[in-house]
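Asker: My file is structure22.txt. It has compact mmCIF, C-alpha atoms:
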# COMPACT_ATOMS: atom_id res chain seq x y z
CA MET A 14 16.90 -26.47 16.95
CA ARG A 15 15.29 -23.23 18.01
CA THR A 16 11.49 -23.25 17.84
CA THR A 17 10.61 -19.80 19.18
CA GLU A 18 7.78 -17.76 17.72
CA PRO A 19 8.67 -16.41 14.28
CA PRO A 20 9.79 -12.77 14.22
CA SER A 21 7.74 -10.00 12.69
CA LEU A 22 8.44 -9.56 9.00
CA PRO A 23 9.86 -6.03 9.40
CA ARG A 24 12.34 -7.28 12.02
CA LEU A 25 13.31 -10.26 9.91
CA ALA A 26 13.70 -8.11 6.80
CA ALA A 27 15.85 -5.61 8.70
CA ALA A 28 18.10 -8.37 10.03
CA SER A 29 18.44 -9.91 6.56
CA LEU A 30 19.19 -6.53 4.99
CA ALA A 31 21.82 -5.76 7.63
CA GLY A 32 23.48 -9.14 7.18
CA THR A 33 23.69 -8.95 3.40
CA ALA A 34 24.93 -5.35 3.62
CA ILE A 35 27.79 -6.46 5.86
CA GLU A 36 28.69 -9.45 3.70
CA PHE A 37 28.62 -7.44 0.49
CA TYR A 38 30.64 -4.71 2.17
CA ASP A 39 33.31 -7.35 2.70
CA PHE A 40 33.09 -8.45 -0.93
CA PHE A 41 32.98 -4.96 -2.46
CA ILE A 42 35.81 -3.48 -0.43
CA TYR A 43 38.17 -5.93 -2.10
CA GLY A 44 36.95 -4.93 -5.56
CA THR A 45 37.49 -1.25 -4.85
CA ALA A 46 40.95 -1.91 -3.43
CA ALA A 47 41.79 -4.03 -6.50
CA ALA A 48 40.82 -1.16 -8.76
CA LEU A 49 42.77 1.46 -6.80
CA ILE A 50 45.79 0.06 -4.95
CA LEU A 51 46.37 -3.71 -4.83
CA GLY A 52 48.19 -3.91 -8.17
CA PRO A 53 51.28 -1.87 -7.24
CA LEU A 54 51.43 -3.30 -3.70
CA PHE A 55 51.12 -6.99 -4.52
CA PHE A 56 52.26 -7.15 -8.16
CA PRO A 57 55.04 -4.49 -8.29
CA THR A 58 57.08 -6.35 -10.89
CA PHE A 59 54.26 -5.95 -13.42
CA SER A 60 53.51 -2.87 -15.48
CA PRO A 61 50.74 -0.64 -14.02
CA LEU A 62 48.14 -2.11 -16.38
CA ALA A 63 49.29 -5.70 -15.87
CA GLY A 64 49.38 -5.17 -12.11
CA THR A 65 45.78 -3.98 -12.09
CA LEU A 66 44.75 -6.93 -14.26
CA ALA A 67 46.53 -9.31 -11.87
CA ALA A 68 44.73 -7.69 -8.91
CA PHE A 69 41.42 -8.16 -10.76
CA ALA A 70 42.35 -11.81 -11.32
CA THR A 71 42.43 -12.30 -7.55
CA PHE A 72 39.13 -10.40 -7.43
CA GLY A 73 37.69 -12.86 -9.96
CA VAL A 74 38.56 -15.83 -7.77
CA GLY A 75 35.73 -14.75 -5.49
CA PHE A 76 33.27 -15.30 -8.34
CA VAL A 77 34.64 -18.79 -8.91
CA ALA A 78 34.12 -19.55 -5.24
CA ARG A 79 30.62 -18.10 -4.98
CA PRO A 80 28.76 -20.89 -6.80
CA LEU A 81 30.76 -23.43 -4.81
CA GLY A 82 29.70 -21.66 -1.63
CA SER A 83 26.10 -21.66 -2.83
CA VAL A 84 26.21 -25.41 -3.35
CA LEU A 85 27.96 -26.10 -0.04
CA PHE A 86 25.88 -23.81 2.15
CA GLY A 87 22.69 -24.60 0.24
CA HIS A 88 23.17 -28.29 1.00
CA ILE A 89 23.84 -27.49 4.66
CA GLY A 90 20.82 -25.17 4.76
CA ASP A 91 18.51 -27.92 3.53
CA ARG A 92 19.91 -30.38 6.07
CA ARG A 93 20.56 -28.22 9.13
CA GLY A 94 18.49 -25.08 8.63
CA ARG A 95 18.78 -21.57 7.26
CA ARG A 96 20.00 -19.93 10.48
CA PRO A 97 23.26 -21.90 10.80
CA VAL A 98 24.08 -21.03 7.19
CA LEU A 99 23.56 -17.31 7.76
CA VAL A 100 25.72 -17.32 10.88
CA GLY A 101 28.48 -19.47 9.36
CA SER A 102 28.68 -17.56 6.08
CA LEU A 103 28.87 -14.20 7.85
CA LEU A 104 31.62 -15.43 10.17
CA LEU A 105 33.67 -16.92 7.31
CA THR A 106 33.47 -13.84 5.12
CA GLY A 107 34.16 -11.44 7.98
CA LEU A 108 37.26 -13.25 9.19
CA ALA A 109 38.65 -13.58 5.65
CA THR A 110 38.12 -9.86 5.04
CA VAL A 111 39.89 -8.81 8.24
CA ALA A 112 42.75 -11.12 7.29
CA VAL A 113 43.13 -9.40 3.89
CA GLY A 114 43.83 -6.18 5.75
CA CYS A 115 46.66 -7.89 7.59
CA VAL A 116 48.46 -9.49 4.62
CA PRO A 117 52.00 -8.09 4.16
CA THR A 118 52.80 -6.68 0.73
CA TYR A 119 55.04 -8.20 -1.94
CA GLU A 120 57.92 -6.07 -0.72
CA SER A 121 57.79 -7.82 2.68
CA ILE A 122 57.14 -11.51 1.87
CA GLY A 123 57.45 -11.79 -1.90
CA VAL A 124 55.22 -14.12 -3.89
CA ALA A 125 53.52 -15.39 -0.73
CA ALA A 126 51.65 -12.05 -0.55
CA PRO A 127 49.52 -12.46 -3.71
CA LEU A 128 49.03 -16.15 -2.91
CA LEU A 129 47.58 -15.24 0.48
CA LEU A 130 45.30 -12.70 -1.19
CA LEU A 131 44.14 -15.40 -3.56
CA ALA A 132 43.30 -17.82 -0.74
CA LEU A 133 41.47 -15.22 1.34
CA ARG A 134 39.51 -13.98 -1.64
CA PHE A 135 38.41 -17.56 -2.30
CA LEU A 136 37.13 -17.81 1.29
CA GLN A 137 35.30 -14.49 0.89
CA GLY A 138 33.53 -15.79 -2.18
CA LEU A 139 32.72 -19.09 -0.50
CA GLY A 140 31.00 -17.30 2.39
CA LEU A 141 29.10 -14.87 0.18
CA GLY A 142 27.87 -17.76 -1.96
CA GLY A 143 25.93 -19.05 1.02
CA GLU A 144 24.90 -15.64 2.33
CA TRP A 145 22.75 -14.12 -0.36
CA GLY A 146 20.65 -17.17 -1.16
CA GLY A 147 20.20 -18.00 2.51
CA ALA A 148 19.06 -14.49 3.44
CA VAL A 149 16.58 -14.25 0.56
CA LEU A 150 15.28 -17.74 1.24
CA LEU A 151 14.74 -17.17 4.96
CA THR A 152 12.81 -13.96 4.28
CA ALA A 153 10.77 -15.44 1.43
CA GLU A 154 9.81 -18.49 3.46
CA HIS A 155 8.40 -16.28 6.23
CA ALA A 156 6.52 -13.96 3.83
CA PRO A 157 2.91 -14.32 2.60
CA ALA A 158 2.74 -15.53 -1.00
CA GLU A 159 1.09 -12.37 -2.34
CA ARG A 160 3.94 -10.16 -0.97
CA ARG A 161 6.84 -12.56 -1.26
CA GLY A 162 8.69 -10.45 -3.83
CA LEU A 163 8.50 -7.32 -1.68
CA TRP A 164 9.76 -8.93 1.52
CA ALA A 165 12.42 -10.95 -0.30
CA SER A 166 13.70 -7.72 -1.87
CA PHE A 167 15.00 -6.39 1.43
CA PRO A 168 18.09 -8.63 1.48
CA GLN A 169 18.72 -7.42 -2.08
CA ILE A 170 18.90 -3.83 -0.79
CA GLY A 171 21.86 -5.05 1.25
CA PRO A 172 24.33 -5.09 -1.69
CA PRO A 173 23.83 -1.39 -2.52
CA VAL A 174 24.09 -0.51 1.18
CA GLY A 175 27.26 -2.59 1.50
CA PHE A 176 28.68 -1.00 -1.64
CA LEU A 177 27.95 2.52 -0.38
CA LEU A 178 29.48 1.74 2.98
CA ALA A 179 32.61 0.23 1.45
CA ASN A 180 33.12 2.96 -1.11
CA GLY A 181 32.13 5.71 1.30
CA ILE A 182 34.96 4.70 3.61
CA MET A 183 37.33 4.48 0.63
CA LEU A 184 36.14 7.90 -0.56
CA VAL A 185 36.83 9.50 2.82
CA LEU A 186 40.26 7.89 3.06
CA SER A 187 41.12 8.79 -0.52
CA ALA A 188 40.11 12.42 0.04
CA THR A 189 41.85 12.90 3.42
CA LEU A 190 45.07 10.88 3.09
CA SER A 191 48.03 11.50 0.86
CA ASP A 192 48.83 8.89 -1.79
CA ALA A 193 51.73 7.66 0.36
CA GLN A 194 49.56 7.30 3.47
CA PHE A 195 46.79 5.57 1.52
CA ALA A 196 49.29 3.07 0.06
CA ALA A 197 51.08 2.51 3.38
CA TRP A 198 48.11 1.82 5.65
CA GLY A 199 44.95 3.68 4.61
CA TRP A 200 43.67 0.96 2.27
CA ARG A 201 43.78 -1.57 5.13
CA VAL A 202 41.36 0.34 7.40
CA PRO A 203 38.14 -0.73 5.60
CA PHE A 204 39.21 -4.39 5.83
CA TRP A 205 39.82 -4.09 9.58
CA ALA A 206 36.43 -2.41 10.00
CA ALA A 207 34.83 -5.59 8.65
CA GLY A 208 35.50 -7.27 12.01
CA VAL A 209 33.30 -4.77 13.86
CA LEU A 210 30.55 -5.09 11.26
CA ALA A 211 30.67 -8.89 11.35
CA ALA A 212 30.29 -8.88 15.15
CA ALA A 213 27.22 -6.64 14.85
CA GLY A 214 25.79 -8.88 12.14
CA LEU A 215 26.27 -12.01 14.22
CA ALA A 216 24.37 -10.41 17.10
CA LEU A 217 21.42 -9.85 14.74
CA ARG A 218 21.59 -13.25 13.07
CA THR A 219 21.69 -15.40 16.20
CA SER A 220 18.33 -14.00 17.34
CA LEU A 221 16.42 -15.07 14.21
CA ALA A 222 13.90 -17.89 14.25
CA GLU A 223 14.22 -20.80 11.84
CA SER A 224 12.23 -20.83 8.62
CA PRO A 225 8.77 -22.45 9.04
CA ASP A 226 9.09 -24.11 5.63
CA PHE A 227 12.33 -25.78 6.68
CA LEU A 228 10.81 -27.01 9.94
CA ARG A 229 8.05 -28.71 7.94
CA VAL A 230 10.30 -30.51 5.45
CA ARG A 231 13.57 -31.06 7.30
CA GLU A 232 12.96 -34.77 7.81
CA HIS A 233 12.47 -35.34 4.07
CA ALA A 234 15.73 -33.80 2.79
CA ARG A 235 18.14 -36.74 2.81
CA VAL A 236 20.73 -35.70 0.22
CA PRO A 237 19.50 -32.32 -1.05
CA LEU A 238 22.39 -31.66 -3.42
CA VAL A 239 21.89 -34.93 -5.26
CA GLU A 240 18.15 -34.33 -5.53
CA VAL A 241 18.63 -30.83 -7.00
CA VAL A 242 21.19 -31.98 -9.58
CA ARG A 243 19.15 -35.00 -10.58
CA ASP A 244 15.68 -33.49 -10.71
CA HIS A 245 16.13 -29.75 -11.34
CA TRP A 246 19.39 -29.28 -13.24
CA ARG A 247 17.72 -27.44 -16.15
CA LEU A 248 16.17 -24.88 -13.82
CA VAL A 249 19.48 -24.43 -11.98
CA LEU A 250 21.37 -23.69 -15.22
CA LEU A 251 18.63 -21.40 -16.53
CA THR A 252 18.47 -19.39 -13.31
CA ALA A 253 22.24 -19.13 -13.01
CA GLY A 254 22.54 -17.91 -16.58
CA ALA A 255 19.79 -15.33 -16.15
CA LEU A 256 21.25 -14.01 -12.90
CA ALA A 257 24.68 -13.61 -14.51
CA VAL A 258 23.33 -10.69 -16.59
CA GLY A 259 22.64 -8.56 -13.54
CA TYR A 260 26.02 -9.30 -12.00
CA ALA A 261 27.87 -8.54 -15.23
CA VAL A 262 26.26 -5.11 -15.50
CA PHE A 263 26.64 -4.27 -11.82
CA TYR A 264 30.35 -5.07 -11.67
CA ALA A 265 31.01 -3.40 -15.02
CA VAL A 266 29.70 -0.20 -13.45
CA THR A 267 31.08 -0.49 -9.94
CA THR A 268 34.49 -2.10 -10.45
CA TRP A 269 35.70 -2.13 -14.07
CA SER A 270 34.59 1.44 -14.75
CA LEU A 271 36.34 2.63 -11.58
CA ALA A 272 39.68 1.23 -12.72
CA TYR A 273 39.14 2.42 -16.29
CA GLY A 274 38.21 5.95 -15.24
CA VAL A 275 41.11 6.37 -12.83
CA GLU A 276 43.88 4.69 -14.86
CA ARG A 277 42.93 5.29 -18.49
CA LEU A 278 40.94 8.52 -18.38
CA GLY A 279 42.78 10.24 -15.56
CA VAL A 280 39.62 11.00 -13.57
CA SER A 281 40.27 11.34 -9.84
CA ARG A 282 39.36 8.51 -7.47
CA THR A 283 37.04 10.84 -5.57
CA VAL A 284 35.02 11.83 -8.65
CA MET A 285 34.68 8.26 -9.91
CA LEU A 286 33.60 6.92 -6.53
CA ALA A 287 31.06 9.75 -6.11
CA CYS A 288 29.49 9.13 -9.55
CA ILE A 289 29.19 5.39 -8.98
CA MET A 290 27.87 5.75 -5.44
CA ALA A 291 25.16 8.18 -6.53
CA ALA A 292 23.91 5.68 -9.12
CA VAL A 293 23.94 2.84 -6.58
CA VAL A 294 21.76 4.90 -4.22
CA VAL A 295 19.10 4.96 -6.93
CA LYS A 296 19.48 1.22 -7.49
CA GLY A 297 18.88 0.48 -3.81
CA ALA A 298 15.86 2.81 -3.63
CA LEU A 299 14.21 1.26 -6.68
CA THR A 300 14.69 -2.37 -5.62
CA PRO A 301 11.53 -2.66 -3.44
CA VAL A 302 9.54 -0.69 -6.05
CA VAL A 303 10.40 -3.21 -8.75
CA ALA A 304 9.69 -6.04 -6.29
CA VAL A 305 6.15 -4.72 -5.81
CA LEU A 306 5.72 -4.70 -9.59
CA GLY A 307 6.95 -8.29 -9.63
CA ASP A 308 4.32 -9.29 -7.08
CA ARG A 309 1.66 -7.67 -9.26
CA TYR A 310 2.73 -8.52 -12.81
CA GLY A 311 5.04 -11.51 -12.35
CA ARG A 312 8.81 -12.01 -12.19
CA ARG A 313 9.31 -13.17 -15.77
CA PRO A 314 8.25 -9.98 -17.61
CA LEU A 315 10.46 -7.85 -15.38
CA CYS A 316 13.45 -10.17 -15.81
CA LEU A 317 13.10 -10.10 -19.60
CA LEU A 318 12.70 -6.32 -19.67
CA GLY A 319 15.68 -5.80 -17.37
CA CYS A 320 17.95 -8.11 -19.37
CA ALA A 321 17.04 -6.46 -22.68
CA ALA A 322 17.50 -2.94 -21.31
CA SER A 323 20.87 -3.86 -19.79
CA ALA A 324 22.17 -5.28 -23.04
CA LEU A 325 21.03 -2.27 -25.07
CA TRP A 326 22.41 0.32 -22.65
CA MET A 327 25.94 -1.04 -22.24
CA PHE A 328 27.21 0.61 -25.43
CA PRO A 329 25.87 4.10 -24.63
CA MET A 330 27.16 3.69 -21.07
CA ILE A 331 30.71 3.03 -22.27
CA GLY A 332 30.48 6.03 -24.58
CA LEU A 333 29.35 8.29 -21.74
CA LEU A 334 32.10 6.92 -19.48
CA ALA A 335 34.72 7.65 -22.14
CA THR A 336 33.87 11.37 -22.03
CA GLY A 337 35.38 11.65 -18.55
CA GLN A 338 32.68 14.22 -17.67
CA PRO A 339 31.16 13.55 -14.21
CA LEU A 340 27.54 14.32 -15.13
CA LEU A 341 27.64 12.20 -18.29
CA MET A 342 29.38 9.33 -16.49
CA PHE A 343 26.73 9.49 -13.77
CA LEU A 344 23.98 9.33 -16.40
CA GLY A 345 25.58 6.23 -17.91
CA PHE A 346 25.84 4.51 -14.53
CA LEU A 347 22.35 5.60 -13.45
CA VAL A 348 20.47 3.99 -16.34
Represent the structure of the file as structure tokens.
Answerer:
Amino acid sequence: MRTTEPPSLPRLAAASLAGTAIEFYDFFIYGTAAALILGPLFFPTFSPLAGTLAAFATFGVGFVARPLGSVLFGHIGDRRGRRPVLVGSLLLTGLATVAVGCVPTYESIGVAAPLLLLALRFLQGLGLGGEWGGAVLLTAEHAPAERRGLWASFPQIGPPVGFLLANGIMLVLSATLSDAQFAAWGWRVPFWAAGVLAAAGLALRTSLAESPDFLRVREHARVPLVEVVRDHWRLVLLTAGALAVGYAVFYAVTTWSLAYGVERLGVSRTVMLACIMAAVVVKGALTPVVAVLGDRYGRRPLCLLGCAASALWMFPMIGLLATGQPLLMFLGFLV
């Protein structure tokens, strides 16, 4: 167990942000590919709509795996430390993502192709399940109590950065390659790039010091999973349910709307990706601002306000999306 001096908070926050950005890049690149290209390549016997739905079904497997990964890596993190979890989750997700880029299509190996996608997507979700919680926890446990929200918000900037990186690469490829080139090999490039990003992330992660809170309590955590389920199950269910609201809205904007705009409304891939990416830039920029408000006024009021606003805005957002007009779609995504 490493016992070096703890890193400065800015260095720790930067390493956590970089790690979550890389992991969410891996996760998001699959969602974008599912919306744009995986249907016809891996489910060619389906109709275009059914093929896209089947591709999204493999995308959804990652969300089934994420809570399982949270439980698995959370248990390991309480027994062995936060650092091993962050290294292991990054390695698992990175390798699974590179492997997706190497899977032959249905035309080459038949039904084995979508089955391989399904398995690799499950591994992606498993790794990401351990990543986000571990990164936030490590940062929060190093931070002073009065600024815990601010410092713990830096890993949460990682998802927008990962999304912009993933979709930026897709945007460049979509704009510079023909449809035939994109379908033949272009869509694989972002998955292969995940290997380089994972290697960079591992270099950052292995230099981090262990959480001081973990070092104080590590001898007392005998069977952490059992203790959580037995003593805190109500809080676990409440938190999971509350967090689901944010994920539902985020993926409605970034994944479902992309497929809907391209396939049903006839909006170009480039325009849809640009509108969504611009809104995600604002999301990332506002994350630390809201975290500061949380440190000052409390987490609960902000969570309630955010949930209510999300629920009320979904209907206007869908109406603005249905116009097919870039500025109106951007407004819907932005709010």
Asker: Would you work out the distance separating CA of Gly147 in chain A from CA of Ala165 in chain A, expressed in Å to one decimal?
Answerer: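 According to the coordinates, CA of Gly147 in chain A and CA of Ala165 in chain A are separated by 10.9 Å.
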Asker: Counting all atoms listed in the file, which residues come within 8 Å of (37.1, 10.3, -12.1), with the point read in the file's coordinates, and could you list them as a list in words?
Answerer: Leu271, Gly274, Val275, Leu278, Gly279, Val280, Ser281, Arg282, Thr283, Val284, Met285, Leu286, Gly337 and Pro339 of chain A
Asker: Mind checking which residues fall within 10 Å of Leu217 in chain A, counting all atoms listed in the file, ignoring those fewer than 3 positions away in the same chain, and posting them as a list in words?
Answerer: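 Final neighbour list, sorted by chain and number: Arg24, Leu25, Ala27, Ala28, Ser29, Ala31, Gly32, Val100, Ala211, Ala212, Ala213, Gly214, Ser220 and Leu221 of chain A.
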Asker: For range 43-54 of chain A, I'd like the enclosing box, axis-aligned and padded by 3 Å on every side, reported as lines of an AutoDock Vina configuration file with centre and edge lengths in Å to one decimal.
Answerer:
center_x = 44.2
center_y = -2.2
center_z = -5.4
size_x = 20.5
size_y = 13.4
size_z = 12.7
Asker: Restricting the calculation to only C-alpha atoms: of A:Phe204, A:Arg313, A:Trp164, A:Tyr273, which residue gets closest to Thr300 in chain A?
Answerer: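 Of A:Phe204, A:Arg313, A:Trp164, A:Tyr273, the one nearest Thr300 in chain A, counting only C-alpha atoms, is A:Trp164.
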Asker: Got a sec: who's within 9 Å of Ala291 in chain A, counting all atoms listed in the file, leaving out chain neighbours fewer than 4 positions off, as number ranges by chain?
Answerer: A: 177, 286-287, 295, 343, 346-347
Asker: Between A:Ala197, A:Leu248, A:Leu108, A:Leu136, which has the minimum distance to Glu120 in chain A (counting all atoms listed in the file)?
Answerer: A:Ala197
Asker: Given all atoms listed in the file as the basis, pick out the residue of A:Gly143, A:Pro23, A:Gly199, A:Gly107 nearest to Ile50 in chain A.
Answerer: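 Nearest to Ile50 in chain A: A:Gly199.
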Asker: For CA of Leu334 in chain A and CA of Gly297 in chain A, determine how far apart the two atoms are, in Å to one decimal place.
Answerer: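 So the two atoms, CA of Leu334 in chain A and CA of Gly297 in chain A, lie 21.5 Å apart.
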Asker: What is the CA of Glu240 in chain A-CA of Phe76 in chain A distance in Å, reported with one decimal?
Answerer: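 CA of Phe76 in chain A lies 24.5 Å from CA of Glu240 in chain A.
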Asker: Taking into account all atoms listed in the file, which residue in the set A:Leu344, A:Leu178, A:Ala63, A:Ala206 is nearest to Ala112 in chain A?
Answerer: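 Counting all atoms listed in the file, the residue closest to Ala112 in chain A is A:Ala206.
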Asker: Using all atoms listed in the file, which residues of range 102-201 of chain A come within 10 Å of range 53-59 of chain A, and what is the closest atom pair for each, with the distance in Å to one decimal? Give it as JSON lines, sorted by chain and residue number.
Answerer:
{"residue": "A:Val116", "atom": "CA", "partner": "A:Phe55", "partner_atom": "CA", "distance": 9.8}
{"residue": "A:Pro117", "atom": "CA", "partner": "A:Phe55", "partner_atom": "CA", "distance": 8.8}
{"residue": "A:Thr118", "atom": "CA", "partner": "A:Phe55", "partner_atom": "CA", "distance": 5.5}
{"residue": "A:Tyr119", "atom": "CA", "partner": "A:Phe55", "partner_atom": "CA", "distance": 4.8}
{"residue": "A:Glu120", "atom": "CA", "partner": "A:Leu54", "partner_atom": "CA", "distance": 7.7}
{"residue": "A:Ser121", "atom": "CA", "partner": "A:Phe55", "partner_atom": "CA", "distance": 9.8}
{"residue": "A:Ile122", "atom": "CA", "partner": "A:Phe55", "partner_atom": "CA", "distance": 9.9}
{"residue": "A:Gly123", "atom": "CA", "partner": "A:Phe55", "partner_atom": "CA", "distance": 8.4}
{"residue": "A:Val124", "atom": "CA", "partner": "A:Phe55", "partner_atom": "CA", "distance": 8.2}
{"residue": "A:Ala125", "atom": "CA", "partner": "A:Phe55", "partner_atom": "CA", "distance": 9.5}
{"residue": "A:Ala126", "atom": "CA", "partner": "A:Phe55", "partner_atom": "CA", "distance": 6.5}
{"residue": "A:Pro127", "atom": "CA", "partner": "A:Phe55", "partner_atom": "CA", "distance": 5.8}
{"residue": "A:Leu128", "atom": "CA", "partner": "A:Phe55", "partner_atom": "CA", "distance": 9.5}
{"residue": "A:Leu130", "atom": "CA", "partner": "A:Phe55", "partner_atom": "CA", "distance": 8.8}
{"residue": "A:Ala196", "atom": "CA", "partner": "A:Leu54", "partner_atom": "CA", "distance": 7.7}
{"residue": "A:Ala197", "atom": "CA", "partner": "A:Leu54", "partner_atom": "CA", "distance": 9.2}
Asker: Would you mind telling me which residue in A:Ile289, A:Cys320, A:Val241, A:Leu66 lies nearest to Val84 in chain A when using all atoms listed in the file?
Answerer: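 Closest to Val84 in chain A of all the choices is A:Val241.
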Asker: Between A:Leu306, A:Ala324, A:Leu333, A:Ala292, which residue has the minimum interatomic distance to Phe176 in chain A, considering all atoms listed in the file?
Answerer: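 Nearest candidate to Phe176 in chain A out of A:Leu306, A:Ala324, A:Leu333, A:Ala292: A:Ala292.
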Asker: At a cut-off of 9 Å, using only C-alpha atoms, what residues contact Ile170 in chain A? Leave out same-chain residues fewer than 6 positions from it and give the result as a list in words.
Answerer: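 Close residues of Ile170 in chain A: Leu30, Thr33, Ala34, Lys296, Gly297, Ala298, Thr300 and Pro301 of chain A.
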Asker: Got a sec to check which residues sit within 8 Å of (32.2, -6.6, 1.4), counting all atoms listed in the file, and write them as number ranges by chain?
Answerer: A: 34-43, 110, 175-176, 179, 207
Asker: Can I get range 263-276 of chain A with N, CA, C and O atoms filled in, as a short mmCIF file (atom, residue, chain, number, x, y, z; two decimals), in the coordinates of the input?
Answerer:
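result-v9.cif written:
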data_model
loop_
_atom_site.label_atom_id
_atom_site.label_comp_id
_atom_site.auth_asym_id
_atom_site.auth_seq_id
_atom_site.Cartn_x
_atom_site.Cartn_y
_atom_site.Cartn_z
N PHE A 263 26.34 -4.94 -13.09
CA PHE A 263 26.64 -4.27 -11.82
C PHE A 263 28.15 -4.11 -11.63
O PHE A 263 28.63 -3.02 -11.27
N TYR A 264 28.90 -5.17 -11.89
CA TYR A 264 30.35 -5.07 -11.67
C TYR A 264 31.05 -4.31 -12.79
O TYR A 264 32.13 -3.76 -12.58
N ALA A 265 30.46 -4.26 -13.97
CA ALA A 265 31.01 -3.40 -15.02
C ALA A 265 30.95 -1.93 -14.58
O ALA A 265 31.88 -1.15 -14.82
N VAL A 266 29.86 -1.57 -13.92
CA VAL A 266 29.70 -0.20 -13.45
C VAL A 266 30.55 0.07 -12.21
O VAL A 266 31.27 1.08 -12.13
N THR A 267 30.50 -0.81 -11.24
CA THR A 267 31.08 -0.49 -9.94
C THR A 267 32.56 -0.81 -9.80
O THR A 267 33.23 -0.24 -8.93
N THR A 268 33.10 -1.70 -10.61
CA THR A 268 34.49 -2.10 -10.45
C THR A 268 35.32 -1.81 -11.69
O THR A 268 36.31 -1.08 -11.65
N TRP A 269 34.91 -2.36 -12.84
CA TRP A 269 35.70 -2.13 -14.07
C TRP A 269 35.75 -0.65 -14.42
O TRP A 269 36.82 -0.11 -14.74
N SER A 270 34.61 0.04 -14.37
CA SER A 270 34.59 1.44 -14.75
C SER A 270 35.43 2.29 -13.80
O SER A 270 36.02 3.30 -14.22
N LEU A 271 35.52 1.90 -12.53
CA LEU A 271 36.34 2.63 -11.58
C LEU A 271 37.81 2.57 -11.98
O LEU A 271 38.51 3.59 -12.02
N ALA A 272 38.29 1.37 -12.30
CA ALA A 272 39.68 1.23 -12.72
C ALA A 272 39.93 1.94 -14.05
O ALA A 272 40.94 2.62 -14.23
N TYR A 273 38.98 1.80 -14.98
CA TYR A 273 39.14 2.42 -16.29
C TYR A 273 39.17 3.96 -16.18
O TYR A 273 40.02 4.62 -16.81
N GLY A 274 38.27 4.50 -15.38
CA GLY A 274 38.21 5.95 -15.24
C GLY A 274 39.45 6.53 -14.59
O GLY A 274 39.95 7.58 -15.02
N VAL A 275 39.95 5.86 -13.55
CA VAL A 275 41.11 6.37 -12.83
C VAL A 275 42.40 6.20 -13.64
O VAL A 275 43.20 7.12 -13.77
N GLU A 276 42.60 5.00 -14.23
CA GLU A 276 43.88 4.69 -14.86
C GLU A 276 43.96 5.12 -16.33
O GLU A 276 45.02 5.57 -16.78
#
